[in-house]
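Each remark here refers to the structure printed beneath this line.
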Amino acid sequence: MKLQDIYDARARLDGTVHHTPLEMSETFSRIAGGKVFLKCENLQKTGSFKVRGALNMISKLDLDPSVKVFSCSAGNHAQGVAYAAARRNVKAVIYMPLSTPIAKIAATEGYGAEVVLCGDVFDDAQAAAIAACRDAGGVFIPPFDHEDIIAGQGTVGLEILDDMPQVETVLVPAGGGGLLAGVAFAVKSLRPDVKVYGVQASGAAAIAASYKNSVIALDSIYTIADGIAVKRPGDVTMKYIDKYADGVLTVTDDEIASTIISLIERAKEIVEPAGAAGLAAVLCERYPFLKGKTTVCLLSGGNIDVSFIHKIIERGLISRGRQIRLSVTLSDKPGSLEAVSRILAIQGANVIAIQYDRVNTELSLNETLLHITCEVSGKQHGERVVTALKHAGYKLQ
């Protein structure tokens, strides 16, 4: 692949995909001690950068209308392929893991594709899709491991340099590696001084394990970031990542959840877990070399299931100390709950859930275990609540 291939891809996509905004965040810049910009691919057509690669590859194919295109996806590539296939008036069949969010399935079907749910993770769906494509004599559109896909994703890198020539660091969410490979290749070819890092969920860090090494397939993966939950990165993508990327960072699910809340509260952006990974690397403060830089965090997608948002918010509130859960041992007699509630009220904690447990084997016959969930303003406030209950003589878990 040559840099010209990415420029050619941009020409093919012109007028079809959006040149997405690059927005500065004062809040995130203050935390990072530099300038933090958000590349909003969550506002892209189909809700993700994936449409770039899919449209680039399908636009280059000489397709007979009777031939079906097949693909596999955890959601975003599926919508990109479905959209691109519809523009070419060909039928798309997409294999997706059983765990795929309902919103992504519905959106893919909404673009006219046939969806087949198969397997527990992306890799299972990929194997089934390849087999079905071979049997049907179709054309397979890989989600990341193809130079036409990589070239399409690389157009994001061209836009970043066009809009922010003074950029010093680019952070790219990474699963199979197509976006990271394309952006790193484009940016480094034009600006070798700019640092480009991939960011993965720690529970699905196959690229981090494979970087500058042989390609490694993980035995299992677990993360809320379904868009980057891939057991094995691509051979083609790793070739470009090894050559052009400056490293691969990891973030936890709690850090991702906390970042999603920060994006909602401070940037008014709705971003799926995978899309928040890059910014999470900045906000977690575990990577001091990111401090003080002009950094672009790529928000790779915004296709989050509405029914899943409340779980993300709850997890994020807990990880940020905005919500605490306590178990208090009480005497099982009238007035015990009132006494605890009075302390919580004095401390300004808002009780949002209470549950009694009288059957715990560690309790004596005249005791009950009270599980309390409270909203607090932050970790220090939560610590004051805990201290007040302890000073009142309560046993806490």
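Labels for the structure tokens follow display order: chains A, B, ..., residues from 1 in each chain, ligands from 1.
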Taking the backbone alone, and naming residues the way the document does, which bits of region 131-316 of chain A are helix (DSSP H, G or I) by DSSP, as an MDAnalysis selection string? chainID A and resid 131:136 147:163 178:190 202:204 206:210 226:228 235:244 253:267 274:283 288:290 306:316
Which residues come within 10 Å of Val67 (chain A), counting only C-alpha atoms, excluding same-chain residues fewer than 2 positions away, as a ChimeraX atom specification? /A:63-65,69-70,90-92,136-139
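Summary of the local environment: counting only C-alpha atoms, residues at most 10 Å from Glu26 (chain A), other than itself and those fewer than 6 positions away along its chain, are Ala32, Gly34, Lys35, Val36, Phe37, Arg266 and Ala267 of chain A.
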Mind dumping the selected residues with all heavy atoms as a compact mmCIF listing (two decimals), in the first residue's frame?
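As a result, again-v2.txt now contains:
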# COMPACT_ATOMS: atom_id res chain seq x y z
N ALA A 32 -5.17 17.15 31.11
CA ALA A 32 -3.96 16.64 30.46
C ALA A 32 -2.80 17.63 30.52
O ALA A 32 -1.66 17.26 30.22
CB ALA A 32 -4.26 16.32 29.00
N GLY A 34 -2.31 20.03 28.58
CA GLY A 34 -1.95 20.39 27.22
C GLY A 34 -3.19 20.80 26.46
O GLY A 34 -4.10 21.40 27.03
N LYS A 35 -3.25 20.43 25.18
CA LYS A 35 -4.45 20.70 24.38
C LYS A 35 -4.99 19.36 23.89
O LYS A 35 -4.28 18.62 23.21
CB LYS A 35 -4.12 21.61 23.20
CG LYS A 35 -3.73 23.02 23.61
CD LYS A 35 -3.49 23.90 22.38
CE LYS A 35 -3.12 25.32 22.79
NZ LYS A 35 -2.87 26.19 21.61
N VAL A 36 -6.24 19.08 24.24
CA VAL A 36 -6.88 17.82 23.85
C VAL A 36 -8.00 18.12 22.86
O VAL A 36 -8.90 18.91 23.16
CB VAL A 36 -7.43 17.06 25.07
CG1 VAL A 36 -8.22 15.83 24.62
CG2 VAL A 36 -6.29 16.66 25.99
N PHE A 37 -7.92 17.47 21.71
CA PHE A 37 -8.93 17.61 20.67
C PHE A 37 -9.63 16.27 20.46
O PHE A 37 -9.00 15.21 20.59
CB PHE A 37 -8.30 18.06 19.35
CG PHE A 37 -7.77 19.46 19.37
CD1 PHE A 37 -6.54 19.74 19.93
CD2 PHE A 37 -8.52 20.51 18.85
CE1 PHE A 37 -6.04 21.04 19.95
CE2 PHE A 37 -8.04 21.81 18.87
CZ PHE A 37 -6.80 22.09 19.43
N ARG A 266 -19.31 16.65 29.97
CA ARG A 266 -18.47 17.79 29.64
C ARG A 266 -18.43 18.14 28.15
O ARG A 266 -18.27 19.30 27.79
CB ARG A 266 -17.04 17.53 30.14
CG ARG A 266 -16.93 17.34 31.65
CD ARG A 266 -17.54 18.51 32.40
NE ARG A 266 -17.44 18.38 33.83
CZ ARG A 266 -16.44 18.87 34.56
NH1 ARG A 266 -15.45 19.51 33.97
NH2 ARG A 266 -16.42 18.72 35.87
N ALA A 267 -18.52 17.14 27.28
CA ALA A 267 -18.42 17.40 25.85
C ALA A 267 -19.75 17.24 25.13
O ALA A 267 -19.85 17.54 23.94
CB ALA A 267 -17.38 16.48 25.21
Select from region 10-111 of chain A everything DSSP, run on the backbone, classes as strand (DSSP E), then give the selection as a list in words. Leu22, Glu23, Met24, Ser25, Lys35, Val36, Phe37, Leu38, Lys39, Cys40, Val69, Phe70, Ser71, Cys72, Ala92, Val93, Ile94, Tyr95 and Met96 of chain A
Using only C-alpha atoms, pick whichever of A:Ile324, A:Met57, A:Ala174, A:Ile318 has the shortest atom-to-atom distance to Pro273 (chain A). A:Ala174
Within 8 Å of region 381-388 of chain A, which residues of region 289-360 of chain A come that close, and what is the closest atom pair and distance in Å for each? Count only C-alpha atoms and give it as JSON lines.
{"residue": "A:Gly321", "atom": "CA", "partner": "A:Gly382", "partner_atom": "CA", "distance": 6.9}
{"residue": "A:Arg322", "atom": "CA", "partner": "A:Gly382", "partner_atom": "CA", "distance": 7.8}
{"residue": "A:Gln323", "atom": "CA", "partner": "A:Gly382", "partner_atom": "CA", "distance": 7.9}
{"residue": "A:Ile324", "atom": "CA", "partner": "A:Gly382", "partner_atom": "CA", "distance": 6.7}
{"residue": "A:Ile343", "atom": "CA", "partner": "A:Ala388", "partner_atom": "CA", "distance": 7.2}
{"residue": "A:Leu344", "atom": "CA", "partner": "A:Val385", "partner_atom": "CA", "distance": 6.8}
{"residue": "A:Gln347", "atom": "CA", "partner": "A:Val385", "partner_atom": "CA", "distance": 6.0}
{"residue": "A:Ala349", "atom": "CA", "partner": "A:Val385", "partner_atom": "CA", "distance": 7.3}
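Take CA of Ile58 (chain A) and CA of Glu147 (chain A): the distance between them is 12.4 Å.
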Counting only C-alpha atoms, figure out which residue out of A:Gln380, A:Ser214, A:Ser331, A:Asn76 gets nearest to Tyr356 (chain A). A:Ser331
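Put simply, CA of Ala204 (chain A) is 17.9 Å away from CA of Cys284 (chain A).
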Exercise: Ala353 (chain A) partners within 12 Å, only C-alpha atoms, chain neighbours under 6 positions left out, as a PyMOL selection string: chain A and resi 323-327+341+370-375
Pull N, CA, C and O atoms from the residues just selected and write them as a short mmCIF file (atom, residue, chain, number, x, y, z; two decimals), in the first residue's frame.
data_model
loop_
_atom_site.label_atom_id
_atom_site.label_comp_id
_atom_site.auth_asym_id
_atom_site.auth_seq_id
_atom_site.Cartn_x
_atom_site.Cartn_y
_atom_site.Cartn_z
N GLN A 323 -20.74 7.23 43.42
CA GLN A 323 -21.74 6.34 43.98
C GLN A 323 -21.02 5.32 44.85
O GLN A 323 -19.97 4.79 44.46
N ILE A 324 -21.52 5.08 46.05
CA ILE A 324 -20.88 4.11 46.94
C ILE A 324 -21.91 3.08 47.41
O ILE A 324 -23.10 3.37 47.51
N ARG A 325 -21.42 1.88 47.66
CA ARG A 325 -22.26 0.80 48.16
C ARG A 325 -21.68 0.32 49.49
O ARG A 325 -20.51 -0.03 49.56
N LEU A 326 -22.51 0.30 50.50
CA LEU A 326 -22.08 -0.08 51.85
C LEU A 326 -22.94 -1.22 52.36
O LEU A 326 -24.12 -1.32 52.03
N SER A 327 -22.35 -2.05 53.18
CA SER A 327 -23.10 -3.06 53.92
C SER A 327 -22.88 -2.79 55.40
O SER A 327 -21.75 -2.82 55.89
N SER A 341 -30.00 6.35 58.66
CA SER A 341 -30.48 7.35 57.71
C SER A 341 -30.16 8.76 58.18
O SER A 341 -29.84 9.65 57.37
N LEU A 370 -27.65 -4.50 56.28
CA LEU A 370 -28.31 -3.49 55.46
C LEU A 370 -27.38 -3.09 54.31
O LEU A 370 -26.29 -2.57 54.54
N HIS A 371 -27.80 -3.35 53.08
CA HIS A 371 -27.03 -2.94 51.90
C HIS A 371 -27.57 -1.60 51.41
O HIS A 371 -28.76 -1.48 51.09
N ILE A 372 -26.72 -0.60 51.36
CA ILE A 372 -27.13 0.76 51.01
C ILE A 372 -26.31 1.25 49.82
O ILE A 372 -25.09 1.12 49.81
N THR A 373 -27.00 1.83 48.83
CA THR A 373 -26.32 2.51 47.72
C THR A 373 -26.62 3.99 47.82
O THR A 373 -27.79 4.39 47.93
N CYS A 374 -25.56 4.81 47.81
CA CYS A 374 -25.72 6.25 47.99
C CYS A 374 -25.03 7.02 46.86
O CYS A 374 -23.99 6.59 46.35
N GLU A 375 -25.60 8.16 46.54
CA GLU A 375 -24.93 9.12 45.66
C GLU A 375 -24.17 10.11 46.51
O GLU A 375 -24.70 10.63 47.50
#
